[in-house]
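Structure data follow from data12.pdb (PDB, C-alpha atoms, pLDDT in the B column):
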ATOM      1  CA  MET X  21      -4.944 -85.340 -31.345  1.00 47.00           C
ATOM      2  CA  THR X  22      -6.237 -83.374 -28.512  1.00 49.00           C
ATOM      3  CA  THR X  23      -4.384 -82.651 -25.356  1.00 49.00           C
ATOM      4  CA  THR X  24      -5.638 -81.894 -21.966  1.00 50.00           C
ATOM      5  CA  ALA X  25      -5.174 -78.556 -20.233  1.00 48.00           C
ATOM      6  CA  ARG X  26      -2.755 -80.198 -17.767  1.00 50.00           C
ATOM      7  CA  GLU X  27      -0.615 -81.376 -20.673  1.00 50.00           C
ATOM      8  CA  ASP X  28      -0.641 -77.892 -22.247  1.00 51.00           C
ATOM      9  CA  ARG X  29       0.870 -76.445 -19.088  1.00 52.00           C
ATOM     10  CA  LYS X  30       3.757 -78.859 -19.033  1.00 52.00           C
ATOM     11  CA  PRO X  31       6.902 -77.389 -20.458  1.00 53.00           C
ATOM     12  CA  GLY X  32       7.885 -78.901 -23.709  1.00 52.00           C
ATOM     13  CA  PRO X  33      11.320 -79.484 -25.059  1.00 54.00           C
ATOM     14  CA  HIS X  34      11.555 -75.895 -26.424  1.00 52.00           C
ATOM     15  CA  ARG X  35       9.826 -74.152 -23.601  1.00 54.00           C
ATOM     16  CA  THR X  36      11.639 -72.280 -20.761  1.00 54.00           C
ATOM     17  CA  ALA X  37      10.694 -71.945 -17.132  1.00 53.00           C
ATOM     18  CA  PRO X  38       9.143 -68.624 -16.168  1.00 56.00           C
ATOM     19  CA  ASP X  39      11.590 -65.939 -14.871  1.00 56.00           C
ATOM     20  CA  ALA X  40      11.868 -66.261 -11.117  1.00 56.00           C
ATOM     21  CA  GLY X  41      13.449 -62.712 -10.643  1.00 57.00           C
ATOM     22  CA  PRO X  42      16.866 -61.781  -9.191  1.00 62.00           C
ATOM     23  CA  PRO X  43      18.140 -63.878  -6.340  1.00 64.00           C
ATOM     24  CA  VAL X  44      17.474 -62.453  -2.905  1.00 63.00           C
ATOM     25  CA  THR X  45      20.715 -61.296  -1.231  1.00 64.00           C
ATOM     26  CA  PRO X  46      20.814 -62.045   2.478  1.00 65.00           C
ATOM     27  CA  PRO X  47      21.393 -58.953   4.720  1.00 62.00           C
ATOM     28  CA  PRO X  48      25.034 -58.329   5.551  1.00 60.00           C
ATOM     29  CA  LYS X  49      26.186 -59.477   8.895  1.00 58.00           C
ATOM     30  CA  LEU X  50      27.202 -56.659  11.256  1.00 54.00           C
ATOM     31  CA  ARG X  51      30.889 -56.875  12.056  1.00 59.00           C
ATOM     32  CA  ARG X  52      32.134 -55.573  15.350  1.00 58.00           C
ATOM     33  CA  ARG X  53      35.172 -53.295  15.098  1.00 64.00           C
ATOM     34  CA  PRO X  54      37.099 -53.315  18.407  1.00 66.00           C
ATOM     35  CA  GLY X  55      39.303 -50.423  17.223  1.00 64.00           C
ATOM     36  CA  LEU X  56      36.341 -48.054  16.950  1.00 65.00           C
ATOM     37  CA  VAL X  57      35.106 -49.049  20.375  1.00 62.00           C
ATOM     38  CA  VAL X  58      38.505 -48.369  21.910  1.00 66.00           C
ATOM     39  CA  ALA X  59      38.761 -45.010  20.113  1.00 70.00           C
ATOM     40  CA  ALA X  60      35.351 -43.986  21.436  1.00 71.00           C
ATOM     41  CA  VAL X  61      36.378 -44.879  24.982  1.00 69.00           C
ATOM     42  CA  VAL X  62      39.607 -42.897  24.634  1.00 70.00           C
ATOM     43  CA  VAL X  63      37.801 -39.820  23.285  1.00 74.00           C
ATOM     44  CA  THR X  64      35.301 -39.973  26.132  1.00 80.00           C
ATOM     45  CA  ALA X  65      38.085 -40.273  28.707  1.00 74.00           C
ATOM     46  CA  LEU X  66      39.963 -37.319  27.198  1.00 77.00           C
ATOM     47  CA  GLY X  67      36.813 -35.228  27.295  1.00 76.00           C
ATOM     48  CA  CYS X  68      36.397 -35.996  30.981  1.00 72.00           C
ATOM     49  CA  LEU X  69      40.017 -35.154  31.692  1.00 73.00           C
ATOM     50  CA  LEU X  70      39.811 -31.835  29.808  1.00 74.00           C
ATOM     51  CA  GLY X  71      36.650 -30.939  31.656  1.00 70.00           C
ATOM     52  CA  ALA X  72      38.278 -31.698  34.987  1.00 63.00           C
ATOM     53  CA  TRP X  73      41.358 -29.650  34.034  1.00 65.00           C
ATOM     54  CA  ALA X  74      39.243 -26.672  33.000  1.00 65.00           C
ATOM     55  CA  TRP X  75      37.264 -26.823  36.221  1.00 62.00           C
ATOM     56  CA  ASN X  76      40.420 -27.101  38.300  1.00 58.00           C
ATOM     57  CA  ALA X  77      42.097 -24.204  36.431  1.00 57.00           C
ATOM     58  CA  THR X  78      39.081 -22.012  37.050  1.00 57.00           C
ATOM     59  CA  THR X  79      38.762 -22.823  40.717  1.00 58.00           C
ATOM     60  CA  SER X  80      42.527 -22.494  41.443  1.00 78.00           C
ATOM     61  CA  THR X  81      42.777 -18.871  40.336  1.00 82.00           C
ATOM     62  CA  GLU X  82      42.143 -15.697  42.276  1.00 88.00           C
ATOM     63  CA  GLU X  83      41.399 -12.088  41.424  1.00 91.00           C
ATOM     64  CA  VAL X  84      44.072  -9.681  42.694  1.00 93.00           C
ATOM     65  CA  LEU X  85      45.310  -6.119  42.183  1.00 94.00           C
ATOM     66  CA  ALA X  86      48.110  -5.093  39.803  1.00 94.00           C
ATOM     67  CA  ALA X  87      49.598  -1.801  38.621  1.00 95.00           C
ATOM     68  CA  THR X  88      48.479  -0.583  35.204  1.00 95.00           C
ATOM     69  CA  LYS X  89      51.562   1.657  34.952  1.00 92.00           C
ATOM     70  CA  THR X  90      54.707   2.387  36.921  1.00 90.00           C
ATOM     71  CA  ILE X  91      53.905   3.981  40.278  1.00 89.00           C
ATOM     72  CA  HIS X  92      56.794   5.807  41.903  1.00 83.00           C
ATOM     73  CA  ARG X  93      57.418   5.778  45.590  1.00 80.00           C
ATOM     74  CA  GLY X  94      55.508   8.496  47.400  1.00 80.00           C
ATOM     75  CA  GLU X  95      52.928   8.980  44.658  1.00 85.00           C
ATOM     76  CA  VAL X  96      49.245   8.872  45.545  1.00 88.00           C
ATOM     77  CA  ILE X  97      47.613   5.825  43.956  1.00 92.00           C
ATOM     78  CA  THR X  98      44.607   6.676  41.814  1.00 92.00           C
ATOM     79  CA  ALA X  99      41.849   4.495  40.377  1.00 93.00           C
ATOM     80  CA  ASP X 100      43.625   4.550  36.981  1.00 94.00           C
ATOM     81  CA  ASP X 101      46.870   3.226  38.490  1.00 94.00           C
ATOM     82  CA  ILE X 102      45.578  -0.222  39.470  1.00 95.00           C
ATOM     83  CA  ARG X 103      43.320  -2.886  37.997  1.00 95.00           C
ATOM     84  CA  ARG X 104      41.897  -6.280  38.834  1.00 94.00           C
ATOM     85  CA  ILE X 105      43.493  -9.341  37.217  1.00 93.00           C
ATOM     86  CA  ARG X 106      43.120 -13.095  37.659  1.00 90.00           C
ATOM     87  CA  ILE X 107      46.182 -15.247  38.364  1.00 88.00           C
ATOM     88  CA  SER X 108      46.869 -18.813  39.428  1.00 85.00           C
ATOM     89  CA  ARG X 109      47.169 -19.245  43.145  1.00 78.00           C
ATOM     90  CA  ASP X 110      50.736 -19.469  44.408  1.00 78.00           C
ATOM     91  CA  PRO X 111      51.593 -19.831  48.106  1.00 78.00           C
ATOM     92  CA  ALA X 112      54.803 -17.867  47.472  1.00 78.00           C
ATOM     93  CA  LEU X 113      52.824 -14.782  46.398  1.00 80.00           C
ATOM     94  CA  GLU X 114      50.763 -12.604  48.718  1.00 86.00           C
ATOM     95  CA  PRO X 115      49.038 -10.059  46.459  1.00 90.00           C
ATOM     96  CA  LEU X 116      46.159  -7.997  47.744  1.00 91.00           C
ATOM     97  CA  PRO X 117      42.737  -9.348  46.729  1.00 92.00           C
ATOM     98  CA  ALA X 118      40.607  -7.413  44.280  1.00 92.00           C
ATOM     99  CA  SER X 119      38.212  -6.624  47.118  1.00 93.00           C
ATOM    100  CA  ALA X 120      40.859  -4.229  48.537  1.00 93.00           C
ATOM    101  CA  TYR X 121      40.580  -1.944  45.483  1.00 93.00           C
ATOM    102  CA  ASP X 122      38.743   0.872  47.235  1.00 93.00           C
ATOM    103  CA  GLU X 123      41.088   0.713  50.226  1.00 92.00           C
ATOM    104  CA  ILE X 124      44.232   1.085  48.102  1.00 92.00           C
ATOM    105  CA  VAL X 125      43.024   4.050  46.063  1.00 93.00           C
ATOM    106  CA  GLY X 126      44.191   7.209  47.864  1.00 90.00           C
ATOM    107  CA  GLN X 127      47.148   5.586  49.609  1.00 91.00           C
ATOM    108  CA  ARG X 128      50.760   6.313  48.699  1.00 87.00           C
ATOM    109  CA  ALA X 129      53.212   3.929  47.116  1.00 89.00           C
ATOM    110  CA  ALA X 130      55.694   2.774  49.750  1.00 86.00           C
ATOM    111  CA  LEU X 131      58.106   1.713  46.984  1.00 84.00           C
ATOM    112  CA  ASP X 132      58.400   1.813  43.214  1.00 85.00           C
ATOM    113  CA  ILE X 133      55.803  -0.487  41.623  1.00 90.00           C
ATOM    114  CA  SER X 134      56.518  -1.516  38.043  1.00 89.00           C
ATOM    115  CA  ALA X 135      53.745  -1.634  35.455  1.00 92.00           C
ATOM    116  CA  GLY X 136      52.049  -5.020  35.713  1.00 92.00           C
ATOM    117  CA  GLY X 137      53.480  -5.640  39.176  1.00 92.00           C
ATOM    118  CA  LEU X 138      51.257  -7.147  41.837  1.00 93.00           C
ATOM    119  CA  ILE X 139      50.095  -4.936  44.699  1.00 94.00           C
ATOM    120  CA  THR X 140      51.047  -6.328  48.123  1.00 92.00           C
ATOM    121  CA  THR X 141      50.684  -5.093  51.679  1.00 89.00           C
ATOM    122  CA  GLU X 142      54.253  -3.731  51.464  1.00 89.00           C
ATOM    123  CA  SER X 143      53.489  -1.776  48.285  1.00 89.00           C
ATOM    124  CA  THR X 144      51.398   0.938  49.897  1.00 90.00           C
ATOM    125  CA  THR X 145      51.324   3.100  52.986  1.00 87.00           C
ATOM    126  CA  ASP X 146      49.014   5.677  54.483  1.00 85.00           C
ATOM    127  CA  ALA X 147      51.927   7.509  56.084  1.00 83.00           C
ATOM    128  CA  PRO X 148      52.532  11.045  54.765  1.00 80.00           C
ATOM    129  CA  MET X 149      55.342  11.729  52.298  1.00 80.00           C
ATOM    130  CA  PRO X 150      57.778  13.065  53.245  1.00 85.00           C
ATOM    131  CA  PRO X 151      57.751  11.519  56.711  1.00 86.00           C
ATOM    132  CA  GLU X 152      57.930  13.728  59.767  1.00 88.00           C
ATOM    133  CA  GLY X 153      61.382  15.267  60.221  1.00 93.00           C
ATOM    134  CA  GLN X 154      62.368  14.832  56.556  1.00 94.00           C
ATOM    135  CA  SER X 155      62.063  16.819  53.348  1.00 94.00           C
ATOM    136  CA  ILE X 156      62.097  16.129  49.608  1.00 94.00           C
ATOM    137  CA  VAL X 157      64.456  18.186  47.445  1.00 95.00           C
ATOM    138  CA  GLY X 158      64.409  18.119  43.654  1.00 94.00           C
ATOM    139  CA  ILE X 159      67.751  18.356  41.836  1.00 94.00           C
ATOM    140  CA  SER X 160      68.151  18.872  38.084  1.00 94.00           C
ATOM    141  CA  LEU X 161      71.312  17.211  36.821  1.00 93.00           C
ATOM    142  CA  THR X 162      72.953  17.081  33.417  1.00 93.00           C
ATOM    143  CA  PRO X 163      74.118  13.734  32.011  1.00 92.00           C
ATOM    144  CA  ALA X 164      77.625  14.575  33.262  1.00 91.00           C
ATOM    145  CA  GLN X 165      76.376  15.057  36.833  1.00 92.00           C
ATOM    146  CA  VAL X 166      74.472  11.811  37.283  1.00 92.00           C
ATOM    147  CA  PRO X 167      75.389   8.119  36.735  1.00 91.00           C
ATOM    148  CA  ALA X 168      74.181   6.619  33.468  1.00 89.00           C
ATOM    149  CA  LEU X 169      72.287   3.976  35.410  1.00 88.00           C
ATOM    150  CA  PRO X 170      68.595   3.747  36.255  1.00 85.00           C
ATOM    151  CA  MET X 171      67.793   4.822  39.817  1.00 87.00           C
ATOM    152  CA  HIS X 172      64.838   3.635  41.816  1.00 84.00           C
ATOM    153  CA  GLY X 173      63.034   4.646  44.948  1.00 83.00           C
ATOM    154  CA  GLY X 174      65.052   3.735  48.020  1.00 85.00           C
ATOM    155  CA  ASP X 175      68.485   3.980  46.352  1.00 90.00           C
ATOM    156  CA  LYS X 176      71.145   5.577  48.555  1.00 93.00           C
ATOM    157  CA  VAL X 177      72.989   8.531  46.997  1.00 94.00           C
ATOM    158  CA  ARG X 178      75.352  11.363  47.913  1.00 93.00           C
ATOM    159  CA  ILE X 179      75.125  14.846  46.443  1.00 93.00           C
ATOM    160  CA  ILE X 180      78.691  16.121  46.194  1.00 91.00           C
ATOM    161  CA  VAL X 181      79.824  19.759  46.068  1.00 89.00           C
ATOM    162  CA  THR X 182      81.836  20.396  42.897  1.00 87.00           C
ATOM    163  CA  PRO X 183      84.172  23.319  42.105  1.00 81.00           C
ATOM    164  CA  ALA X 184      82.603  26.512  40.839  1.00 72.00           C
ATOM    165  CA  ALA X 185      83.414  28.057  37.478  1.00 67.00           C
ATOM    166  CA  ASN X 186      86.564  29.648  38.946  1.00 64.00           C
ATOM    167  CA  GLY X 187      87.742  26.285  40.237  1.00 59.00           C
ATOM    168  CA  ASP X 188      87.180  27.022  43.919  1.00 62.00           C
ATOM    169  CA  ALA X 189      85.029  24.711  45.984  1.00 57.00           C
ATOM    170  CA  PRO X 190      82.527  26.396  48.309  1.00 57.00           C
ATOM    171  CA  THR X 191      83.538  26.651  51.933  1.00 59.00           C
ATOM    172  CA  GLY X 192      81.589  26.630  55.185  1.00 55.00           C
ATOM    173  CA  VAL X 193      79.162  23.883  54.110  1.00 53.00           C
ATOM    174  CA  PRO X 194      79.384  20.078  54.189  1.00 58.00           C
ATOM    175  CA  GLN X 195      81.106  18.599  51.167  1.00 82.00           C
ATOM    176  CA  PHE X 196      78.244  16.163  50.507  1.00 86.00           C
ATOM    177  CA  THR X 197      74.727  15.353  51.610  1.00 90.00           C
ATOM    178  CA  ALA X 198      73.526  11.771  52.074  1.00 93.00           C
ATOM    179  CA  ALA X 199      70.076  11.241  50.639  1.00 93.00           C
ATOM    180  CA  GLU X 200      67.593   8.627  49.478  1.00 92.00           C
ATOM    181  CA  VAL X 201      66.018   8.627  46.033  1.00 91.00           C
ATOM    182  CA  VAL X 202      62.251   9.023  45.964  1.00 88.00           C
ATOM    183  CA  TYR X 203      61.864   8.942  42.165  1.00 84.00           C
ATOM    184  CA  THR X 204      63.441  10.295  39.009  1.00 88.00           C
ATOM    185  CA  ALA X 205      62.143  11.831  35.793  1.00 88.00           C
ATOM    186  CA  ILE X 206      63.556  13.268  32.571  1.00 90.00           C
ATOM    187  CA  ASP X 207      62.982  16.953  31.835  1.00 90.00           C
ATOM    188  CA  GLU X 208      61.935  16.857  28.172  1.00 90.00           C
ATOM    189  CA  THR X 209      62.843  20.529  27.723  1.00 90.00           C
ATOM    190  CA  THR X 210      66.448  20.374  28.932  1.00 91.00           C
ATOM    191  CA  GLY X 211      67.154  16.656  28.798  1.00 91.00           C
ATOM    192  CA  ASN X 212      68.306  16.806  32.421  1.00 93.00           C
ATOM    193  CA  THR X 213      67.521  14.126  34.972  1.00 93.00           C
ATOM    194  CA  VAL X 214      65.386  15.426  37.808  1.00 94.00           C
ATOM    195  CA  VAL X 215      66.097  13.460  40.965  1.00 93.00           C
ATOM    196  CA  ASN X 216      63.816  13.873  43.957  1.00 93.00           C
ATOM    197  CA  VAL X 217      65.676  12.910  47.108  1.00 94.00           C
ATOM    198  CA  LEU X 218      64.652  12.480  50.716  1.00 93.00           C
ATOM    199  CA  VAL X 219      66.921  14.207  53.261  1.00 94.00           C
ATOM    200  CA  PRO X 220      66.704  15.237  56.917  1.00 94.00           C
ATOM    201  CA  TYR X 221      64.803  18.462  57.435  1.00 94.00           C
ATOM    202  CA  ALA X 222      67.952  20.278  58.663  1.00 93.00           C
ATOM    203  CA  ASP X 223      69.841  19.439  55.435  1.00 92.00           C
ATOM    204  CA  ALA X 224      67.099  20.390  53.010  1.00 94.00           C
ATOM    205  CA  SER X 225      67.799  24.134  52.764  1.00 93.00           C
ATOM    206  CA  VAL X 226      71.542  23.629  52.372  1.00 91.00           C
ATOM    207  CA  LEU X 227      71.060  21.036  49.638  1.00 92.00           C
ATOM    208  CA  ALA X 228      68.495  23.169  47.802  1.00 93.00           C
ATOM    209  CA  ALA X 229      70.840  26.196  47.795  1.00 91.00           C
ATOM    210  CA  ARG X 230      73.728  24.069  46.620  1.00 89.00           C
ATOM    211  CA  ALA X 231      71.685  22.415  43.862  1.00 91.00           C
ATOM    212  CA  ALA X 232      70.540  25.846  42.611  1.00 91.00           C
ATOM    213  CA  THR X 233      74.138  26.762  41.729  1.00 89.00           C
ATOM    214  CA  GLY X 234      74.477  23.681  39.536  1.00 89.00           C
ATOM    215  CA  ASN X 235      77.817  22.898  41.174  1.00 89.00           C
ATOM    216  CA  VAL X 236      76.851  19.446  42.382  1.00 91.00           C
ATOM    217  CA  ALA X 237      77.134  15.835  41.247  1.00 93.00           C
ATOM    218  CA  LEU X 238      75.261  12.744  42.339  1.00 94.00           C
ATOM    219  CA  ILE X 239      76.920   9.499  43.405  1.00 93.00           C
ATOM    220  CA  LEU X 240      74.946   6.285  43.571  1.00 93.00           C
ATOM    221  CA  ASP X 241      76.031   4.189  46.559  1.00 90.00           C
ATOM    222  CA  SER X 242      75.500   0.561  47.403  1.00 80.00           C
ATOM    223  CA  GLY X 243      72.324  -0.187  49.296  1.00 66.00           C
ATOM    224  CA  ALA X 244      74.350  -2.318  51.717  1.00 59.00           C
ATOM    225  CA  GLN X 245      76.098   0.694  53.165  1.00 57.00           C
TER     226      GLN X 245
END

Can I see the file as structure tokens?
Amino acid sequence: MTTTAREDRKPGPHRTAPDAGPPVTPPPKLRRRPGLVVAAVVVTALGCLLGAWAWNATTSTEEVLAATKTIHRGEVITADDIRRIRISRDPALEPLPASAYDEIVGQRAALDISAGGLITTESTTDAPMPPEGQSIVGISLTPAQVPALPMHGGDKVRIIVTPAANGDAPTGVPQFTAAEVVYTAIDETTGNTVVNVLVPYADASVLAARAATGNVALILDSGAQ
């Protein structure tokens, strides 16, 4: 029995359908994640805030002058004594601007300026040191002749006459001289404290002669006196 071509193509009881291949998976649906969107907004806002803070910090600072080391009263200020620094603006502070650098160099310190201290209009003077009618006298004192306290420019002191080796106090001269400290230093050779004091011109020679004998002592007085 012959069959037609159409009948040959029909699947019989033991025939299987041709392989149709793996099933096609539909593309995944994109899911919106609100948390990520919020995080992105927060990060962007923080970036804007940080940028604004950095800009504000930069524009609210100013370049001023400060001491690179301690400058004692009366000393001539050199180019190595001061530097330019940048600080935040503060209405309570009135430091000299960095543009005044050349004007300050060559002037004298009107008071003791600590290392790192800001330079102000009160810090310097172009007046000569010592002032007219006054003199500076240097006195070398042992630890027993000077208070064990730091002294600064402007401190009020008295240089007292002390008994000589024979126990007699000198006569015919004032028993003390009132003076003002200009600055102090330690003599590395002797260990003595060298105190430079400002006194009236008329008292300078007497004080210098007295200090040369070594029979003196220094008293630190209150600045309110």

| task | Check the smallest atom-to-atom distance from each of X:Leu240, X:Ala231, X:Val166, X:Ala112 to Ala199 of chain X using all atoms listed in the file, then report the winner. | result |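 Closest to Ala199 of chain X of all the choices is X:Leu240.
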
Run the PyMOL selection byres ((chain X and resi 170) around 12) against the file shown and list the residues it catches, as a JSON list (two decimals) with C-alpha atoms, in the coordinates of the input.
[["chain", "number", "residue", "atom", "x", "y", "z"],
["X", 166, "VAL", "CA", 74.47, 11.81, 37.28],
["X", 167, "PRO", "CA", 75.39, 8.12, 36.74],
["X", 168, "ALA", "CA", 74.18, 6.62, 33.47],
["X", 169, "LEU", "CA", 72.29, 3.98, 35.41],
["X", 171, "MET", "CA", 67.79, 4.82, 39.82],
["X", 172, "HIS", "CA", 64.84, 3.64, 41.82],
["X", 173, "GLY", "CA", 63.03, 4.65, 44.95],
["X", 175, "ASP", "CA", 68.48, 3.98, 46.35],
["X", 201, "VAL", "CA", 66.02, 8.63, 46.03],
["X", 203, "TYR", "CA", 61.86, 8.94, 42.16],
["X", 204, "THR", "CA", 63.44, 10.30, 39.01],
["X", 205, "ALA", "CA", 62.14, 11.83, 35.79],
["X", 206, "ILE", "CA", 63.56, 13.27, 32.57],
["X", 213, "THR", "CA", 67.52, 14.13, 34.97],
["X", 215, "VAL", "CA", 66.10, 13.46, 40.96],
["X", 240, "LEU", "CA", 74.95, 6.28, 43.57]]

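With all atoms listed in the file as the atoms that count, the residue of X:Ser134, X:Thr140, X:Gln127, X:Ser225 with the shortest distance to Leu113 of chain X is X:Thr140.
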
| query | For Asn216 of chain X, which residue among X:Gln195, X:Gln154, X:Thr98, X:Ser160 is the nearest when counting only C-alpha atoms? | reply |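 Among the listed residues, the smallest separation from Asn216 of chain X belongs to X:Ser160.
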
| field | Between atom CA of Ala147 of chain X and atom CA of Gly174 of chain X, distance in Å (one decimal) | value |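 Computed distance, atom CA of Ala147 of chain X to atom CA of Gly174 of chain X, equals 15.9 Å.
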
| request: Take the PyMOL selection byres ((chain X and resi 138) around 9), apply it to the structure above, and return the hits as an NGL selection string. | output: :X and (84-87 or 114-116 or 133-137 or 139-140 or 143)

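Minimum atom-to-atom distances from X:Pro183, X:Pro220, X:Pro163, X:Pro117 to Thr233 of chain X were compared using only C-alpha atoms, and the lowest value belongs to X:Pro183.
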
| Please, what distance in Å, to one decimal, runs between atom CA of Ile239 of chain X and atom CA of Val177 of chain X? | 5.4 Å

| request: Run the PyMOL selection byres ((chain X and resi 82) around 8) mentally over the shown coordinates, then write out the matched residues as a VMD selection string, using the chain letters and numbers from the document. | output: chain X and resid 80 to 81 83 to 84 106 to 109 117

| Computed interatomic separation between atom CA of Val157 of chain X and atom CA of Leu131 of chain X (Å) |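 Interatomic distance, atom CA of Val157 of chain X to atom CA of Leu131 of chain X: 17.7 Å.
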
| field | Using all atoms listed in the file: which of X:Ile124, X:Ile105, X:Ala118, X:Val236 has the shortest distance to Ala184 of chain X | value |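 Going through X:Ile124, X:Ile105, X:Ala118, X:Val236 one by one, the smallest distance to Ala184 of chain X is for X:Val236.
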
| message | With 6 Å as the threshold, what does the neighbourhood of (74.0, 13.4, 50.3) contain in terms of residues, counting only C-alpha atoms? Coordinates are those of the file; answer as an NGL selection string. | response | :X and (177-179 or 196-199)
